[in-house]
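Asks: The following file, final.pdb, comprises PDB, C-alpha atoms:
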ATOM      1  CA  MET A   1      32.616  29.946 -41.085  1.00  0.00           C
ATOM      2  CA  GLY A   2      29.511  27.914 -41.909  1.00  0.00           C
ATOM      3  CA  TYR A   3      27.633  29.393 -38.952  1.00  0.00           C
ATOM      4  CA  LEU A   4      28.430  32.934 -40.083  1.00  0.00           C
ATOM      5  CA  ARG A   5      27.632  32.260 -43.735  1.00  0.00           C
ATOM      6  CA  CYS A   6      24.282  30.738 -42.822  1.00  0.00           C
ATOM      7  CA  ALA A   7      23.418  33.701 -40.593  1.00  0.00           C
ATOM      8  CA  ARG A   8      24.313  36.144 -43.373  1.00  0.00           C
ATOM      9  CA  GLU A   9      21.833  34.415 -45.680  1.00  0.00           C
ATOM     10  CA  VAL A  10      18.865  34.255 -43.288  1.00  0.00           C
ATOM     11  CA  VAL A  11      19.195  37.527 -41.367  1.00  0.00           C
ATOM     12  CA  PRO A  12      17.904  39.922 -44.064  1.00  0.00           C
ATOM     13  CA  GLY A  13      14.592  38.047 -44.296  1.00  0.00           C
ATOM     14  CA  MET A  14      14.276  37.896 -40.533  1.00  0.00           C
ATOM     15  CA  GLN A  15      15.018  41.607 -40.231  1.00  0.00           C
ATOM     16  CA  ALA A  16      12.349  42.347 -42.834  1.00  0.00           C
ATOM     17  CA  LYS A  17       9.830  40.411 -40.717  1.00  0.00           C
ATOM     18  CA  GLY A  18      11.092  41.871 -37.431  1.00  0.00           C
ATOM     19  CA  TRP A  19      11.366  38.394 -35.925  1.00  0.00           C
ATOM     20  CA  GLY A  20      13.576  35.356 -36.135  1.00  0.00           C
ATOM     21  CA  ARG A  21      15.531  32.669 -34.369  1.00  0.00           C
ATOM     22  CA  ILE A  22      18.998  31.323 -35.020  1.00  0.00           C
ATOM     23  CA  VAL A  23      20.069  28.296 -33.004  1.00  0.00           C
ATOM     24  CA  ASN A  24      23.654  27.205 -33.436  1.00  0.00           C
ATOM     25  CA  VAL A  25      24.586  23.669 -32.416  1.00  0.00           C
ATOM     26  CA  SER A  26      28.047  23.369 -30.940  1.00  0.00           C
ATOM     27  CA  GLY A  27      29.218  21.008 -28.210  1.00  0.00           C
ATOM     28  CA  LEU A  28      29.996  20.684 -24.528  1.00  0.00           C
ATOM     29  CA  ALA A  29      33.716  20.753 -25.302  1.00  0.00           C
ATOM     30  CA  ALA A  30      33.236  24.524 -24.993  1.00  0.00           C
ATOM     31  CA  ARG A  31      33.054  23.944 -21.234  1.00  0.00           C
ATOM     32  CA  GLN A  32      35.682  21.231 -20.890  1.00  0.00           C
ATOM     33  CA  THR A  33      39.386  20.713 -21.238  1.00  0.00           C
ATOM     34  CA  GLY A  34      40.970  17.719 -22.879  1.00  0.00           C
ATOM     35  CA  SER A  35      40.651  18.667 -26.532  1.00  0.00           C
ATOM     36  CA  THR A  36      42.240  22.004 -27.356  1.00  0.00           C
ATOM     37  CA  VAL A  37      40.881  22.104 -30.903  1.00  0.00           C
ATOM     38  CA  GLY A  38      37.413  20.944 -29.800  1.00  0.00           C
ATOM     39  CA  SER A  39      37.286  23.492 -26.988  1.00  0.00           C
ATOM     40  CA  ILE A  40      38.430  26.370 -29.182  1.00  0.00           C
ATOM     41  CA  ARG A  41      36.018  25.467 -31.986  1.00  0.00           C
ATOM     42  CA  ASN A  42      33.035  25.251 -29.626  1.00  0.00           C
ATOM     43  CA  VAL A  43      33.971  28.402 -27.707  1.00  0.00           C
ATOM     44  CA  ALA A  44      34.239  30.243 -31.029  1.00  0.00           C
ATOM     45  CA  VAL A  45      30.674  29.213 -31.908  1.00  0.00           C
ATOM     46  CA  ALA A  46      29.483  30.465 -28.509  1.00  0.00           C
ATOM     47  CA  ALA A  47      31.314  33.780 -29.026  1.00  0.00           C
ATOM     48  CA  LEU A  48      29.822  34.205 -32.495  1.00  0.00           C
ATOM     49  CA  THR A  49      26.392  33.420 -31.068  1.00  0.00           C
ATOM     50  CA  LYS A  50      26.669  36.095 -28.360  1.00  0.00           C
ATOM     51  CA  ASN A  51      27.961  38.701 -30.804  1.00  0.00           C
ATOM     52  CA  LEU A  52      25.129  38.005 -33.248  1.00  0.00           C
ATOM     53  CA  ALA A  53      22.587  38.085 -30.412  1.00  0.00           C
ATOM     54  CA  ASP A  54      23.746  41.512 -29.276  1.00  0.00           C
ATOM     55  CA  GLU A  55      23.751  42.821 -32.833  1.00  0.00           C
ATOM     56  CA  LEU A  56      20.463  41.291 -33.974  1.00  0.00           C
ATOM     57  CA  GLY A  57      18.406  41.393 -30.767  1.00  0.00           C
ATOM     58  CA  PRO A  58      17.070  44.900 -31.418  1.00  0.00           C
ATOM     59  CA  SER A  59      15.711  43.577 -34.744  1.00  0.00           C
ATOM     60  CA  GLY A  60      13.658  40.906 -32.963  1.00  0.00           C
ATOM     61  CA  ILE A  61      16.103  38.116 -33.795  1.00  0.00           C
ATOM     62  CA  ASN A  62      17.252  35.873 -30.972  1.00  0.00           C
ATOM     63  CA  VAL A  63      20.447  33.861 -31.365  1.00  0.00           C
ATOM     64  CA  THR A  64      21.347  30.994 -29.055  1.00  0.00           C
ATOM     65  CA  VAL A  65      23.720  28.043 -29.004  1.00  0.00           C
ATOM     66  CA  VAL A  66      22.946  24.512 -27.882  1.00  0.00           C
ATOM     67  CA  HIS A  67      25.783  22.405 -26.472  1.00  0.00           C
ATOM     68  CA  PRO A  68      24.862  18.713 -26.725  1.00  0.00           C
ATOM     69  CA  GLY A  69      26.920  16.221 -24.769  1.00  0.00           C
ATOM     70  CA  ILE A  70      27.394  12.615 -25.830  1.00  0.00           C
ATOM     71  CA  THR A  71      24.247  11.981 -27.835  1.00  0.00           C
ATOM     72  CA  ARG A  72      22.700   8.768 -29.132  1.00  0.00           C
ATOM     73  CA  THR A  73      22.383   8.995 -32.908  1.00  0.00           C
ATOM     74  CA  GLU A  74      22.070   6.507 -35.751  1.00  0.00           C
ATOM     75  CA  ARG A  75      25.849   5.935 -35.505  1.00  0.00           C
ATOM     76  CA  THR A  76      25.923   5.087 -31.795  1.00  0.00           C
ATOM     77  CA  ALA A  77      25.148   1.361 -32.033  1.00  0.00           C
ATOM     78  CA  ALA A  78      28.039   0.726 -34.446  1.00  0.00           C
ATOM     79  CA  LEU A  79      30.410   2.855 -32.363  1.00  0.00           C
ATOM     80  CA  VAL A  80      29.474   1.017 -29.160  1.00  0.00           C
ATOM     81  CA  ALA A  81      29.815  -2.379 -30.866  1.00  0.00           C
ATOM     82  CA  ALA A  82      33.259  -1.508 -32.245  1.00  0.00           C
ATOM     83  CA  ARG A  83      34.514  -0.265 -28.880  1.00  0.00           C
ATOM     84  CA  ALA A  84      33.104  -3.324 -27.121  1.00  0.00           C
ATOM     85  CA  ALA A  85      34.847  -5.646 -29.575  1.00  0.00           C
ATOM     86  CA  ALA A  86      38.136  -3.753 -29.273  1.00  0.00           C
ATOM     87  CA  GLN A  87      37.997  -3.807 -25.467  1.00  0.00           C
ATOM     88  CA  GLY A  88      36.581  -7.314 -25.175  1.00  0.00           C
ATOM     89  CA  VAL A  89      33.668  -6.174 -23.032  1.00  0.00           C
ATOM     90  CA  PRO A  90      29.878  -6.267 -23.436  1.00  0.00           C
ATOM     91  CA  ALA A  91      28.313  -3.421 -25.418  1.00  0.00           C
ATOM     92  CA  GLN A  92      26.318  -2.387 -22.352  1.00  0.00           C
ATOM     93  CA  ALA A  93      29.578  -1.786 -20.444  1.00  0.00           C
ATOM     94  CA  VAL A  94      30.743   0.610 -23.159  1.00  0.00           C
ATOM     95  CA  GLU A  95      27.438   2.457 -23.185  1.00  0.00           C
ATOM     96  CA  ASP A  96      27.437   2.661 -19.379  1.00  0.00           C
ATOM     97  CA  ALA A  97      30.935   4.172 -19.483  1.00  0.00           C
ATOM     98  CA  MET A  98      29.802   6.737 -22.035  1.00  0.00           C
ATOM     99  CA  ALA A  99      26.749   7.625 -19.921  1.00  0.00           C
ATOM    100  CA  ALA A 100      28.875   8.003 -16.776  1.00  0.00           C
ATOM    101  CA  GLY A 101      29.929  11.385 -18.164  1.00  0.00           C
ATOM    102  CA  ASN A 102      26.627  13.021 -17.223  1.00  0.00           C
ATOM    103  CA  SER A 103      24.492  13.410 -14.107  1.00  0.00           C
ATOM    104  CA  ILE A 104      21.522  11.377 -15.333  1.00  0.00           C
ATOM    105  CA  ARG A 105      23.735   8.408 -16.268  1.00  0.00           C
ATOM    106  CA  ARG A 106      22.174   7.695 -19.646  1.00  0.00           C
ATOM    107  CA  LEU A 107      22.896   8.847 -23.146  1.00  0.00           C
ATOM    108  CA  ILE A 108      20.908  11.790 -24.404  1.00  0.00           C
ATOM    109  CA  ASP A 109      18.881  11.013 -27.500  1.00  0.00           C
ATOM    110  CA  ALA A 110      19.038  13.245 -30.573  1.00  0.00           C
ATOM    111  CA  VAL A 111      15.277  13.788 -30.217  1.00  0.00           C
ATOM    112  CA  GLU A 112      15.867  15.364 -26.796  1.00  0.00           C
ATOM    113  CA  VAL A 113      18.338  17.811 -28.323  1.00  0.00           C
ATOM    114  CA  ALA A 114      15.848  18.571 -31.104  1.00  0.00           C
ATOM    115  CA  GLN A 115      13.119  19.323 -28.557  1.00  0.00           C
ATOM    116  CA  VAL A 116      15.297  21.987 -26.942  1.00  0.00           C
ATOM    117  CA  VAL A 117      16.102  23.461 -30.358  1.00  0.00           C
ATOM    118  CA  ALA A 118      12.385  23.497 -31.256  1.00  0.00           C
ATOM    119  CA  PHE A 119      11.617  25.394 -28.052  1.00  0.00           C
ATOM    120  CA  LEU A 120      14.375  27.916 -28.760  1.00  0.00           C
ATOM    121  CA  CYS A 121      12.896  28.460 -32.237  1.00  0.00           C
ATOM    122  CA  SER A 122       9.462  29.182 -30.793  1.00  0.00           C
ATOM    123  CA  PRO A 123       7.977  32.498 -29.647  1.00  0.00           C
ATOM    124  CA  ARG A 124       8.027  31.117 -26.080  1.00  0.00           C
ATOM    125  CA  SER A 125      11.802  31.540 -25.973  1.00  0.00           C
ATOM    126  CA  SER A 126      11.629  35.327 -26.330  1.00  0.00           C
ATOM    127  CA  ALA A 127      13.605  35.956 -23.111  1.00  0.00           C
ATOM    128  CA  ILE A 128      16.535  33.750 -24.158  1.00  0.00           C
ATOM    129  CA  ASN A 129      19.070  35.521 -26.341  1.00  0.00           C
ATOM    130  CA  GLY A 130      22.824  35.102 -26.602  1.00  0.00           C
ATOM    131  CA  ASP A 131      22.830  32.226 -24.152  1.00  0.00           C
ATOM    132  CA  ALA A 132      24.396  28.787 -24.328  1.00  0.00           C
ATOM    133  CA  ILE A 133      22.107  25.911 -23.366  1.00  0.00           C
ATOM    134  CA  ALA A 134      23.753  22.647 -22.326  1.00  0.00           C
ATOM    135  CA  VAL A 135      21.802  19.581 -23.428  1.00  0.00           C
ATOM    136  CA  GLY A 136      24.001  16.844 -22.118  1.00  0.00           C
ATOM    137  CA  GLY A 137      22.264  15.366 -19.121  1.00  0.00           C
ATOM    138  CA  GLY A 138      24.153  17.536 -16.659  1.00  0.00           C
ATOM    139  CA  ALA A 139      27.899  17.821 -16.235  1.00  0.00           C
ATOM    140  CA  PRO A 140      28.861  16.233 -12.914  1.00  0.00           C
ATOM    141  CA  ASN A 141      30.926  18.302 -10.490  1.00  0.00           C
ATOM    142  CA  ALA A 142      30.636  21.462 -12.579  1.00  0.00           C
ATOM    143  CA  ILE A 143      28.999  24.782 -11.835  1.00  0.00           C
ATOM    144  CA  HIS A 144      28.266  27.051 -14.776  1.00  0.00           C
ATOM    145  CA  TYR A 145      26.790  30.447 -14.174  1.00  0.00           C
TER
END
Step by step, read the file and then write its structure as structure tokens.
Replies:
Amino acid sequence: MGYLRCAREVVPGMQAKGWGRIVNVSGLAARQTGSTVGSIRNVAVAALTKNLADELGPSGINVTVVHPGITRTERTAALVAARAAAQGVPAQAVEDAMAAGNSIRRLIDAVEVAQVVAFLCSPRSSAINGDAIAVGGGAPNAIHY
């Protein structure tokens, strides 16, 4: 509900200006099985995004959703260290295993996700509305159209 409540608060001002951007951040679980709750939650955000985009597009407001994959944040080092200790393996082995889940074979950095969000918030993204943008380094063996 947080996504919807936030949109309700910002939309009137955007409509008054005739321009705006809403970028929801969800997750790649929307495109994967393995976590029913995670998949449903992320698909719901994508569905809300598309509905808002169709409703608000005529007002000059674009709404998109970004699906980050496994992303390096300030918590990653501690997570990797804990997993390495629990498994009795080097930290690099844990990080390599995490990165094996994408096509570029490295963890995406939070700054890289932010750069995509910044683009989507800019006037240059005017042709992107209602779409889901994966920012996970590429999902191996998957075709999304």
Asks: Can you measure atom CA of A:Gly57 to atom CA of A:Ser26 for me? One decimal in Å is fine.
Replies: 20.4 Å
Asks: From the set A:Val135, A:Ala7, A:Ala82, A:Ala110, which residue has the shortest atom-to-atom contact distance to A:Asn51, counting only C-alpha atoms?
Replies: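 Smallest separation from A:Asn51 among the options: A:Ala7.
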Asks: Which residues, written as a list in words, have at least one atom at most 6 Å from stretch 94-106 of chain A, with all atoms listed in the file counted and residues fewer than 3 positions away on the same chain left out?
Replies: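 Returned residues: Ala91, Gly137, Gly138, Ala139 and Pro140 of chain A.
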Asks: Figure out the distance between atom CA of A:Asn62 and atom CA of A:Arg21, please, to one decimal in Å.
Replies: 5.0 Å
Asks: Do you have the atom CA of A:Gln87-atom CA of A:Arg72 distance handy?
Replies: 20.1 Å
Asks: So which residues touch A:Lys17 within 10 Å, counting only C-alpha atoms, skipping near sequence neighbours fewer than 4 positions away, as a PyMOL selection string?
Replies: chain A and resi 11-13+59-61
Asks: Residues proximal to (33.3, 22.4, -24.4) were defined as those with any atom within 9 Å of that point in the file's coordinates, counting all atoms listed in the file. Which are they, as a list in words?
Replies: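 The requested residues, written out, are Ser26, Gly27, Leu28, Ala29, Ala30, Arg31, Gln32, Thr33, Ser35, Gly38, Ser39, Ile40, Arg41, Asn42, Val43, His67 and Gly69 of chain A.
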Asks: Of the residues A:Asn141, A:Thr76, A:Thr49, A:Asn129, which is the one nearest to A:Val25, using all atoms listed in the file?
Replies: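 Looking only at the distances to A:Val25, the closest residue turns out to be A:Thr49.
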Asks: On this file, the PyMOL selection byres ((chain A and resi 113) around 10) gives some set of residues; write that set as a short mmCIF file (atom, residue, chain, number, x, y, z; two decimals) with C-alpha atoms, in the frame of the given file.
Replies:
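As written to disk, result.cif reads:
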data_model
loop_
_atom_site.label_atom_id
_atom_site.label_comp_id
_atom_site.auth_asym_id
_atom_site.auth_seq_id
_atom_site.Cartn_x
_atom_site.Cartn_y
_atom_site.Cartn_z
CA VAL A 25 24.59 23.67 -32.42
CA VAL A 66 22.95 24.51 -27.88
CA HIS A 67 25.78 22.40 -26.47
CA PRO A 68 24.86 18.71 -26.72
CA GLY A 69 26.92 16.22 -24.77
CA THR A 71 24.25 11.98 -27.84
CA ILE A 108 20.91 11.79 -24.40
CA ASP A 109 18.88 11.01 -27.50
CA ALA A 110 19.04 13.24 -30.57
CA VAL A 111 15.28 13.79 -30.22
CA GLU A 112 15.87 15.36 -26.80
CA ALA A 114 15.85 18.57 -31.10
CA GLN A 115 13.12 19.32 -28.56
CA VAL A 116 15.30 21.99 -26.94
CA VAL A 117 16.10 23.46 -30.36
CA ALA A 118 12.38 23.50 -31.26
CA ALA A 134 23.75 22.65 -22.33
CA VAL A 135 21.80 19.58 -23.43
CA GLY A 136 24.00 16.84 -22.12
#
Asks: Using all atoms listed in the file, which residue out of A:Val37, A:Ile128, A:Ala86, A:Met14 lies closest to A:Leu56?
Replies: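 Closest to A:Leu56 of all the choices is A:Met14.
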Asks: Taking only C-alpha atoms into account, name the residue in A:Ala77, A:Leu107, A:Ile133, A:Met1 that is nearest to A:Phe119.
Replies: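 Ranking A:Ala77, A:Leu107, A:Ile133, A:Met1 by distance to A:Phe119, first place goes to A:Ile133.
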Asks: Around (22.5, 28.2, -30.3) in the file's own coordinates, what residues are found within 7 Å if you use all atoms listed in the file, given back as a PyMOL selection string?
Replies: chain A and resi 22-25+49+63-66+132
